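Student: Provided herewith: work38.txt, compact mmCIF, C-alpha atoms.
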```
# COMPACT_ATOMS: atom_id res chain seq x y z
CA MET V 1 13.24 -79.81 -27.21
CA PRO V 2 10.97 -76.96 -28.40
CA LYS V 3 9.03 -77.47 -31.59
CA LYS V 4 9.94 -75.32 -34.54
CA SER V 5 7.08 -73.20 -35.70
CA LYS V 6 6.13 -73.46 -39.34
CA LYS V 7 6.78 -70.21 -41.16
CA ILE V 8 4.21 -69.04 -43.62
CA GLY V 9 5.52 -67.27 -46.62
CA LYS V 10 7.96 -68.30 -49.32
CA GLY V 11 7.11 -71.61 -50.88
CA ASP V 12 3.90 -72.00 -48.87
CA ASN V 13 1.14 -72.25 -51.45
CA THR V 14 -1.56 -72.70 -48.81
CA GLN V 15 -1.50 -69.07 -47.70
CA MET V 16 -4.39 -67.05 -49.12
CA SER V 17 -3.70 -63.76 -50.81
CA LEU V 18 -5.40 -60.68 -49.42
CA PHE V 19 -7.67 -60.49 -52.46
CA ASP V 20 -8.61 -64.18 -52.14
CA MET V 21 -9.47 -63.67 -48.48
CA LEU V 22 -11.57 -60.56 -49.19
CA SER V 23 -13.30 -62.33 -52.06
CA GLN V 24 -14.11 -65.32 -49.85
CA GLN V 25 -15.47 -63.07 -47.10
CA ARG V 26 -17.62 -61.16 -49.60
CA ASP V 27 -18.90 -64.38 -51.16
CA GLU V 28 -19.80 -65.77 -47.73
CA ARG V 29 -21.68 -62.59 -46.81
CA VAL V 30 -23.57 -62.51 -50.10
CA ASP V 31 -24.19 -66.25 -50.59
CA ASN V 32 -25.42 -66.82 -47.05
CA ALA V 33 -27.77 -63.87 -47.02
CA PRO V 34 -31.44 -64.79 -47.33
CA GLY V 35 -33.12 -62.94 -50.19
CA ARG V 36 -29.65 -62.39 -51.55
CA LEU V 37 -30.33 -59.18 -53.47
CA ASN V 38 -33.29 -57.85 -51.51
CA VAL V 39 -31.36 -55.39 -49.38
CA THR V 40 -34.29 -53.24 -48.27
CA GLU V 41 -34.51 -54.42 -44.66
CA ARG V 42 -30.77 -54.92 -44.17
CA LEU V 43 -30.05 -51.46 -45.56
CA LEU V 44 -32.72 -49.80 -43.43
CA ASP V 45 -31.46 -51.64 -40.34
CA ALA V 46 -27.90 -50.51 -41.06
CA ILE V 47 -29.03 -46.90 -41.51
CA ARG V 48 -31.00 -47.01 -38.25
CA LYS V 49 -28.04 -48.56 -36.46
CA ALA V 50 -25.67 -45.90 -37.85
CA ILE V 51 -27.92 -43.12 -36.61
CA LYS V 52 -28.52 -44.75 -33.22
CA GLN V 53 -24.86 -45.52 -32.55
CA ALA V 54 -23.58 -42.13 -33.68
CA PRO V 55 -22.57 -39.94 -30.75
CA LYS V 56 -24.68 -37.15 -32.26
CA SER V 57 -28.29 -36.10 -32.24
CA ARG V 58 -30.43 -36.41 -35.37
CA GLU V 59 -30.32 -32.63 -35.61
CA SER V 60 -26.51 -32.66 -35.65
CA ILE V 61 -26.47 -35.48 -38.18
CA ALA V 62 -28.91 -33.54 -40.38
CA ASP V 63 -26.88 -30.32 -40.10
CA GLU V 64 -23.62 -32.06 -41.01
CA MET V 65 -25.25 -33.94 -43.87
CA SER V 66 -26.71 -30.66 -45.18
CA ALA V 67 -23.24 -29.15 -45.25
CA LEU V 68 -21.94 -32.16 -47.20
CA VAL V 69 -24.78 -32.21 -49.77
CA TYR V 70 -25.16 -28.42 -50.08
CA PRO V 71 -27.34 -26.81 -51.46
CA ILE V 72 -29.79 -29.55 -50.40
CA GLU V 73 -31.05 -29.19 -46.85
CA VAL V 74 -31.46 -32.33 -44.76
CA THR V 75 -33.57 -32.01 -41.61
CA ALA V 76 -34.00 -34.24 -38.58
CA ASN V 77 -37.65 -34.71 -39.60
CA MET V 78 -36.56 -35.95 -43.02
CA ILE V 79 -34.21 -38.47 -41.42
CA SER V 80 -36.95 -39.62 -39.05
CA GLY V 81 -39.34 -40.07 -41.98
CA TRP V 82 -36.79 -42.08 -43.96
CA VAL V 83 -36.19 -44.58 -41.16
CA ALA V 84 -39.67 -44.79 -39.61
CA ASP V 85 -41.64 -48.01 -40.12
CA SER V 86 -44.87 -46.01 -40.43
CA HIS V 87 -43.62 -43.96 -43.39
CA PRO V 88 -43.39 -45.34 -46.92
CA HIS V 89 -40.35 -43.13 -47.66
CA ARG V 90 -36.95 -44.65 -48.29
CA PHE V 91 -33.56 -43.22 -47.53
CA PRO V 92 -32.25 -41.61 -50.74
CA ALA V 93 -29.13 -43.41 -51.98
CA GLU V 94 -27.47 -40.12 -52.93
CA PHE V 95 -27.32 -39.22 -49.22
CA LEU V 96 -25.67 -42.48 -48.10
CA PRO V 97 -22.09 -41.24 -48.49
CA ALA V 98 -22.90 -38.20 -46.36
CA LEU V 99 -24.64 -40.33 -43.71
CA CYS V 100 -21.70 -42.73 -43.58
CA HIS V 101 -19.25 -39.84 -43.30
CA VAL V 102 -21.21 -38.13 -40.52
CA THR V 103 -21.94 -41.29 -38.50
CA GLY V 104 -18.52 -42.86 -39.02
CA THR V 105 -19.79 -46.17 -40.39
CA THR V 106 -19.61 -47.70 -43.86
CA GLU V 107 -22.02 -50.57 -43.21
CA PRO V 108 -24.89 -49.18 -45.36
CA LEU V 109 -22.57 -48.78 -48.35
CA GLN V 110 -21.00 -52.19 -47.65
CA ILE V 111 -24.44 -53.81 -47.92
CA LEU V 112 -24.98 -52.27 -51.36
CA ALA V 113 -21.47 -53.16 -52.52
CA ASP V 114 -21.90 -56.77 -51.35
CA ALA V 115 -25.19 -57.08 -53.21
CA ALA V 116 -23.52 -55.77 -56.37
CA GLY V 117 -20.66 -58.25 -55.97
CA MET V 118 -18.10 -55.54 -55.26
CA PHE V 119 -15.64 -54.67 -52.53
CA ALA V 120 -16.02 -51.50 -50.52
CA LEU V 121 -12.76 -50.69 -48.80
CA GLN V 122 -11.82 -47.53 -47.00
CA ALA V 123 -8.88 -45.71 -48.59
CA PRO V 124 -6.07 -47.07 -46.35
CA ASP V 125 -7.36 -50.64 -46.70
CA ALA V 126 -7.66 -50.25 -50.47
CA LEU V 127 -4.05 -49.04 -50.65
CA ARG V 128 -2.88 -51.95 -48.48
CA ALA V 129 -4.70 -54.35 -50.78
CA GLU V 130 -3.11 -52.76 -53.83
CA ILE V 131 0.36 -52.91 -52.23
CA GLN V 132 -0.23 -56.59 -51.42
CA GLN V 133 -1.23 -57.24 -55.03
CA TYR V 134 2.03 -55.65 -56.26
CA ALA V 135 4.05 -57.69 -53.74
CA GLU V 136 2.42 -60.90 -54.94
CA ALA V 137 3.10 -59.99 -58.59
CA GLU V 138 6.76 -59.23 -57.75
CA SER V 139 7.11 -62.57 -55.95
CA GLN V 140 5.59 -64.43 -58.87
CA ALA V 141 7.88 -62.61 -61.33
CA ARG V 142 10.94 -63.53 -59.23
CA ALA V 143 9.86 -67.18 -59.21
CA GLU V 144 9.37 -67.17 -63.00
CA LYS V 145 12.77 -65.51 -63.46
CA ALA V 146 14.42 -68.18 -61.29
CA LYS V 147 12.77 -70.95 -63.36
CA ARG V 148 14.09 -69.45 -66.56
CA LYS V 149 17.59 -69.05 -65.13
CA THR V 150 17.55 -72.72 -64.14
CA LEU V 151 16.37 -73.73 -67.61
CA LEU V 152 19.03 -71.53 -69.22
CA SER V 153 21.80 -73.06 -67.13
CA MET V 154 20.53 -76.55 -68.00
CA LEU V 155 20.48 -75.68 -71.72
CA GLU V 156 23.94 -74.12 -71.60
CA GLY V 157 25.27 -77.10 -69.65
CA GLY V 158 23.83 -79.49 -72.20
CA GLU V 159 21.74 -81.39 -69.69
CA LEU V 160 18.50 -81.28 -71.63
```
Take the structure from the file and write it as structure tokens.
Tutor:
Amino acid sequence: MPKKSKKIGKGDNTQMSLFDMLSQQRDERVDNAPGRLNVTERLLDAIRKAIKQAPKSRESIADEMSALVYPIEVTANMISGWVADSHPHRFPAEFLPALCHVTGTTEPLQILADAAGMFALQAPDALRAEIQQYAEAESQARAEKAKRKTLLSMLEGGEL
């Protein structure tokens, strides 16, 4: 006889909510990180990785970033200086959104958000999380309504 699979959902209080799961993942990333709030090396590594893994040249990345941060001009030499070990320059935070947009990664911004104790979700994921939060609130409201109906019927029946 086949075993019945346990359904997760109604009445199962062991299932984590989406926000609980995201919070736990963020806490694990932040709490387990050595030098918890010193993001210098992790951020620089993420920026280098974004540039290296992008299917574009540094010149293309610079041109696209320039268009996004107009009227400021970003050059390939500037990018090289920001990520070179031999240069004391740091990547300007105001250019991170443009870099992430051009390279298609959000890891540099995620590192900063994690350090600040925040979530950084892309728009569709943020909407899914919000929808899940509403669904959980609706479920909780239905459960509270059912409790009150039960209590009302007990009071009206004189069983209390």
Student: Which residues are close to range 21-28 of chain V, i.e. within 10 Å by all atoms listed in the file, leaving aside same-chain residues fewer than 4 positions away? Reply as a PyMOL selection string.
Tutor: chain V and resi 15-17+32-33+110+113-115+117-121+129
Student: To one decimal place, how far is CA of Tyr70 in chain V from CA of Ala46 in chain V in Å?
Tutor: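 These atoms are spaced 24.0 Å apart.
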Student: Name the closest residue to Ala98 in chain V among the candidates V:Ala126, V:Leu155, V:Ala143, V:Val74; distances are taken between atoms, counting all atoms listed in the file.
Tutor: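 Distance minimum relative to Ala98 in chain V lands on V:Val74.
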Student: Would you mind reading off the distance between CA of Cys100 in chain V and CA of Pro71 in chain V, one decimal, in Å?
Tutor: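 These two atoms are separated by 18.6 Å.
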Student: Could you please determine the separation between CA of Met78 in chain V and CA of Phe91 in chain V in Å, to one decimal place?
Tutor: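 Computing it gives 9.1 Å between the two atoms.
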Student: With distances taken over all atoms listed in the file, which of V:Gln140, V:Ala116, V:Ala54, V:Thr75 is nearest to His101 in chain V?
Tutor: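 Using all atoms listed in the file, His101 in chain V sits closest to V:Ala54.
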Student: With only C-alpha atoms as the atoms that count, which of V:Val69, V:Ala141, V:Leu37, V:Ile47 lies nearest to Thr106 in chain V?
Tutor: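 Going through V:Val69, V:Ala141, V:Leu37, V:Ile47 one by one, the smallest distance to Thr106 in chain V is for V:Ile47.
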Student: With all atoms listed in the file as the atoms that count, which of V:Glu107, V:Glu64, V:Tyr134, V:Asp85 lies nearest to Gln122 in chain V?
Tutor: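 The answer is V:Glu107, which sits nearest to Gln122 in chain V.
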Student: Please provide the set of residues having any atom within 12 Å of Ile61 in chain V, restricted to only C-alpha atoms, with same-chain residues fewer than 6 positions apart removed, written as a list of chain:residue names.
Tutor: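 Here the qualifying residues turn out to be V:Ala50, V:Ile51, V:Lys52, V:Gln53, V:Ala54, V:Pro55, V:Ala67, V:Leu68, V:Glu73, V:Val74, V:Thr75, V:Ala76, V:Asn77, V:Met78, V:Ile79, V:Ser80, V:Phe95, V:Ala98, V:Leu99, V:Cys100, V:His101, V:Val102, V:Thr103, V:Gly104.
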Student: Those same residues, written as a CSV table (one decimal), in the coordinates of the input with C-alpha atoms?
Tutor:
```csv
chain,number,residue,atom,x,y,z
V,50,ALA,CA,-25.7,-45.9,-37.8
V,51,ILE,CA,-27.9,-43.1,-36.6
V,52,LYS,CA,-28.5,-44.8,-33.2
V,53,GLN,CA,-24.9,-45.5,-32.6
V,54,ALA,CA,-23.6,-42.1,-33.7
V,55,PRO,CA,-22.6,-39.9,-30.8
V,67,ALA,CA,-23.2,-29.2,-45.2
V,68,LEU,CA,-21.9,-32.2,-47.2
V,73,GLU,CA,-31.0,-29.2,-46.8
V,74,VAL,CA,-31.5,-32.3,-44.8
V,75,THR,CA,-33.6,-32.0,-41.6
V,76,ALA,CA,-34.0,-34.2,-38.6
V,77,ASN,CA,-37.6,-34.7,-39.6
V,78,MET,CA,-36.6,-36.0,-43.0
V,79,ILE,CA,-34.2,-38.5,-41.4
V,80,SER,CA,-37.0,-39.6,-39.0
V,95,PHE,CA,-27.3,-39.2,-49.2
V,98,ALA,CA,-22.9,-38.2,-46.4
V,99,LEU,CA,-24.6,-40.3,-43.7
V,100,CYS,CA,-21.7,-42.7,-43.6
V,101,HIS,CA,-19.2,-39.8,-43.3
V,102,VAL,CA,-21.2,-38.1,-40.5
V,103,THR,CA,-21.9,-41.3,-38.5
V,104,GLY,CA,-18.5,-42.9,-39.0
```
